[in-house]
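Structure first, then comments.
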Amino acid sequence: MKISIKTKLYLGFGFLFLLIVLLWTSSFFYLYRLTNYSDAMLKDNYKSMVSAKLMAQNLDEIKILQTKYFYAKNKFLDMKLYSEKLNEFKKNLIDEELNITEKGEKELAKQLRMKFENYISLFNKAKSENILNKDIYLNELIPAYNEVNNLIMDISDLNMNAIIKKNNELKATSHRAFLYISILGTLCFLISFSFCLNFPRNIANPVKDLTRGIREIARKNYNQQLYIDSKDEFGEMAEAFNTMAKKLSEYEHSNVSQLLFEKKRIETIISKMRDAIIGLNERKEIIFSNPLACELLNVKADDIIGKSASETAAKNDLLKNIFHDLFDNSYKKTGKELKTLKIFADGKESFFTKDIFEVNTTKTGEEKHILVGYVVILKNITKFQELDEAKTKFISTVSHEFKTPISSIKMSLKLLEDQRIGTVNDEQRHLIKSIKDESDRLLNITGELLNISQVETGNLQLNILNVEPNQIIDYAFDAVKIQAEQKMISINVTKEGNLPQIKADPEKTAWVLINLLSNAIRHSSEKSKIIVDIRRNENKVEFSVKDFSEGIEDKYLDKIFNRYFQIPGSNKSGSGLGLAICKEFIEAQGGKIWVESEIGKGSKFSFNLNG
């Protein structure tokens with residue numbers, strides 16, 4: 001982020017101003033708190049104590065008038081005065097209720113009102129029934145009076161304690177304010193002093209470095225560089241100075257003969273490389289082609305150098321195929337499949353892979369990359385292709401030859417299981433079962449190897465028909481029914497109504513679904529369930545198989561469809577080809593297959609086909 005010197009000055013003096021504001025704000029904050037504590041004591045708690053004192057006086061005067069009434073043999077000497085004292089007490093009680101400031105004070109005021117009303121009601125009842133006597137006076141009125149008086153004292157004590165507490169807090173706050181303001185003032189002083197000491201140096205030092213650098217340039221020392229690590233005008237000045245020094249150095253050391261020598265050396269290196277290389281400039285004009293590339297293209301270098309790629313491609317089908325990705329910029333796509341080019345060379349078919357690279361450079365003193373050309377490299381992979389084909393033929397031949405002995409083994413096992421030949425003991429029956437399981441496993445692996453060989457040789461034959469999705473589901477269920485029943489696994493199907501027909505090879509699509517169901521059953525625990533879902537998704541029909549196994553870690557999800565890949569730690573009973581074959585079968589029919597999984601919640605394999 002670029003910060004100018006002007007901005008730095010504003011920030012520096014703004015920082016000093018901020019320190020002053022911070023010191024002033026802190027002082028104002030603590031003074032305000034001290035004032036609030038003082039007001040709280042004088043206004044709130046003191047008012048409650050005054051109300052309590054007046055209520056105590058009123059209560060005593062009411063008691064005196066009631067006592068006179070008792071000794072005057074149930075006659076008031078001054079009824080008007082008694083009413084006035086009652087009203088005064090109630091008024092003071094209301095003042096207290098409106099000035100609740102402390103915890104528990106509200107409950108005390110509520111009890112006080114209740115006890116006072118009870119006290120007055122006892123007196124009024126005895127007075128109205130003319131039964132006021134010594135026993136009622138001593139046993140009822142006096143205790144009621146004491147309860148009211150005690151509550152008044154409690155309210156007074158509560159507020160007195162609050163005043164003492166707030167006074168202590170006032171003292172603590174004043175000491176704390178003094179401490180914090182002292183610390184803050186000291187810090188502000190130290191920071192301001194350091195700022196005033198160092199800030200001028202940050203301005204003056206770059207100017208001194210620039211002066212020294214200019215003097216070195218004047219002495220033709222073009223290796224002189226300024227190292228100013230800042231994003232302001234001084235940093236820009238240093239970058240401009242360094243760029244100037246580099247360009248002066250380049251100009252000083254430039255030599256035509258040296259450049260020609262370097263050019264010749266690069267051309268020699270390219271011509272001796274064992275890969276075919278074609279170079280183009282940013283306008284897609286051919287600027288060089290090594291001898292191997294010219295031999296493969298059956299052209300002379302002089303015939304294509306200096307001409308545009310589109311012009312040469314129009315006259316040469318092979319060049320058109322090579323430059324195709326360059327014209328539509330498809331070479332930039334990440335994750336693109338590596339395609340093999342078949343070229344007739346040296347009297348036989350040869351295979352090449354093609355790579356297109358952009359050549360970017362950065363001009364001296366600039367940061368932006370600019371495109372200066374392209375390089376096309378053709379790598380000869382004929383030997384690898386021949387080895388791969390030999391491997392595929394070998395696997396196909398061996399797998400085919402395996403089927404006959406495996407079938408013989410299964411026939412022999414079937415005869416051994418026939419009771420008519422003779423009975424076998426439990427140990428022999430266990431051995432027969434083990435041999436049968438391994439034979440089935442070998443037969444399954446052999447079938448997968450034959451399928452993958454068919455895919456690799458490009459001899460995959462598809463019988464595309466309009467198929468009802470239910471036909472594929474029913475066929476797959478019949479194939480895995482016994483396997484699911486052995487583990488007591490239920491397979492639930494959910495599907496939309498009126499599903500359209502799909503354009504697919506029914507045999508290979510059913511094989512894919514059977515493989516997914518078999519994997520789900522193999523990895524599910526006993527008495528669990530598997531959910532098969534079929535639904536329409538735009539113009540496609542989507543099949544999914546959901547199990548509730550341990551799930552697959554995220555780091556393996558992008559490898560699950562690779563050939564021979566098996567999850568580490570899993571039961572490696574297969575060849576690792578099943579899902580790879582599923583992927584080839586589905587994609588060959590124009591569909592897509594994928595997996596979703598979460599550890600502890602199971603996996604969901606899905607594929608779709610055109611409706």
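Note on naming: chains are A, B, ... as they come in the structure tokens, residues start from 1 per chain, ligands start from 1 in the order shown.
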
(request) Could you find all residues in stretch 435-566 of chain A that DSSP calls alpha helix (DSSP H) from the backbone, and write them as a VMD selection string? (result) chain A and resid 435 to 456 469 to 486 506 to 523 554 to 557

Can I get the selection written as a tab-separated table (two decimals), in the first residue's frame, with C-alpha atoms?
```tsv
chain	number	residue	atom	x	y	z
A	435	ILE	CA	-11.58	-72.16	-2.60
A	436	LYS	CA	-14.96	-71.16	-4.04
A	437	ASP	CA	-14.70	-67.60	-2.67
A	438	GLU	CA	-11.18	-67.20	-4.05
A	439	SER	CA	-12.29	-68.62	-7.42
A	440	ASP	CA	-15.14	-66.10	-7.57
A	441	ARG	CA	-12.69	-63.37	-6.69
A	442	LEU	CA	-10.27	-64.49	-9.42
A	443	LEU	CA	-13.12	-64.69	-11.92
A	444	ASN	CA	-14.25	-61.17	-10.99
A	445	ILE	CA	-10.70	-59.79	-11.30
A	446	THR	CA	-10.29	-61.56	-14.64
A	447	GLY	CA	-13.51	-60.00	-15.92
A	448	GLU	CA	-12.38	-56.56	-14.79
A	449	LEU	CA	-8.99	-56.99	-16.48
A	450	LEU	CA	-10.72	-58.00	-19.71
A	451	ASN	CA	-12.99	-54.95	-19.48
A	452	ILE	CA	-10.13	-52.55	-18.84
A	453	SER	CA	-8.13	-54.11	-21.68
A	454	GLN	CA	-11.11	-53.55	-23.96
A	455	VAL	CA	-11.22	-49.91	-22.88
A	456	GLU	CA	-7.45	-49.37	-23.31
A	469	PRO	CA	-34.58	-47.19	-15.98
A	470	ASN	CA	-36.67	-49.81	-14.15
A	471	GLN	CA	-35.21	-52.57	-16.33
A	472	ILE	CA	-31.69	-51.69	-15.22
A	473	ILE	CA	-32.79	-51.45	-11.56
A	474	ASP	CA	-34.55	-54.84	-11.64
A	475	TYR	CA	-31.61	-56.56	-13.33
A	476	ALA	CA	-29.13	-55.12	-10.82
A	477	PHE	CA	-31.32	-56.06	-7.82
A	478	ASP	CA	-31.61	-59.67	-8.98
A	479	ALA	CA	-27.80	-59.83	-9.25
A	480	VAL	CA	-27.10	-58.59	-5.69
A	481	LYS	CA	-30.18	-59.94	-3.91
A	482	ILE	CA	-28.47	-62.99	-2.38
A	483	GLN	CA	-25.40	-60.94	-1.41
A	484	ALA	CA	-27.63	-58.44	0.45
A	485	GLU	CA	-29.70	-61.15	2.15
A	486	GLN	CA	-26.57	-62.80	3.52
A	506	PRO	CA	-28.34	-51.79	-20.88
A	507	GLU	CA	-25.74	-54.49	-20.17
A	508	LYS	CA	-22.87	-52.13	-19.32
A	509	THR	CA	-25.10	-49.70	-17.41
A	510	ALA	CA	-26.50	-52.57	-15.33
A	511	TRP	CA	-22.89	-53.74	-14.74
A	512	VAL	CA	-22.06	-50.27	-13.35
A	513	LEU	CA	-25.08	-50.30	-11.01
A	514	ILE	CA	-24.30	-53.86	-9.87
A	515	ASN	CA	-20.70	-52.82	-9.11
A	516	LEU	CA	-21.87	-49.81	-7.06
A	517	LEU	CA	-24.42	-51.93	-5.14
A	518	SER	CA	-21.84	-54.69	-4.50
A	519	ASN	CA	-19.36	-52.13	-3.13
A	520	ALA	CA	-22.07	-50.63	-0.91
A	521	ILE	CA	-23.03	-54.07	0.45
A	522	ARG	CA	-19.38	-55.02	1.00
A	523	HIS	CA	-18.61	-51.90	3.03
A	554	ASP	CA	-11.79	-36.09	1.35
A	555	LYS	CA	-8.18	-36.62	0.27
A	556	TYR	CA	-9.13	-39.87	-1.51
A	557	LEU	CA	-12.27	-38.68	-3.32
```

(message) Using only C-alpha atoms, which protein or nucleic acid residues come within 9 Å of A:Asn492? Drop anything in the same chain fewer than 3 positions from it, and give the result as an NGL selection string.
(response) :A and (529-533)

Could those selected residues go to a file with N, CA and C atoms, as a short mmCIF file (atom, residue, chain, number, x, y, z; two decimals), in the first residue's frame?
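The file below, out.cif, is the result:
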```cif
data_model
loop_
_atom_site.label_atom_id
_atom_site.label_comp_id
_atom_site.auth_asym_id
_atom_site.auth_seq_id
_atom_site.Cartn_x
_atom_site.Cartn_y
_atom_site.Cartn_z
N LYS A 529 -28.87 -50.46 5.89
CA LYS A 529 -29.69 -50.26 4.70
C LYS A 529 -28.92 -49.49 3.64
N ILE A 530 -29.39 -49.64 2.40
CA ILE A 530 -28.83 -48.92 1.25
C ILE A 530 -29.99 -48.25 0.52
N ILE A 531 -29.79 -46.99 0.13
CA ILE A 531 -30.84 -46.22 -0.53
C ILE A 531 -30.44 -46.01 -1.99
N VAL A 532 -31.30 -46.45 -2.89
CA VAL A 532 -31.10 -46.23 -4.33
C VAL A 532 -32.12 -45.19 -4.78
N ASP A 533 -31.64 -44.15 -5.41
CA ASP A 533 -32.51 -43.04 -5.82
C ASP A 533 -32.37 -42.83 -7.32
#
```

(request) Check stretch 238-312 of chain A with DSSP on the backbone and list each residue it calls strand (DSSP E or B), as a list in words. (result)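 Selection result, strand (DSSP E or B) within stretch 238-312 of chain A: Ala276, Ile277, Ile278, Gly279, Leu280, Asn281, Glu285, Ile286, Ile287, Phe288, Ser289 and Ser308 of chain A.
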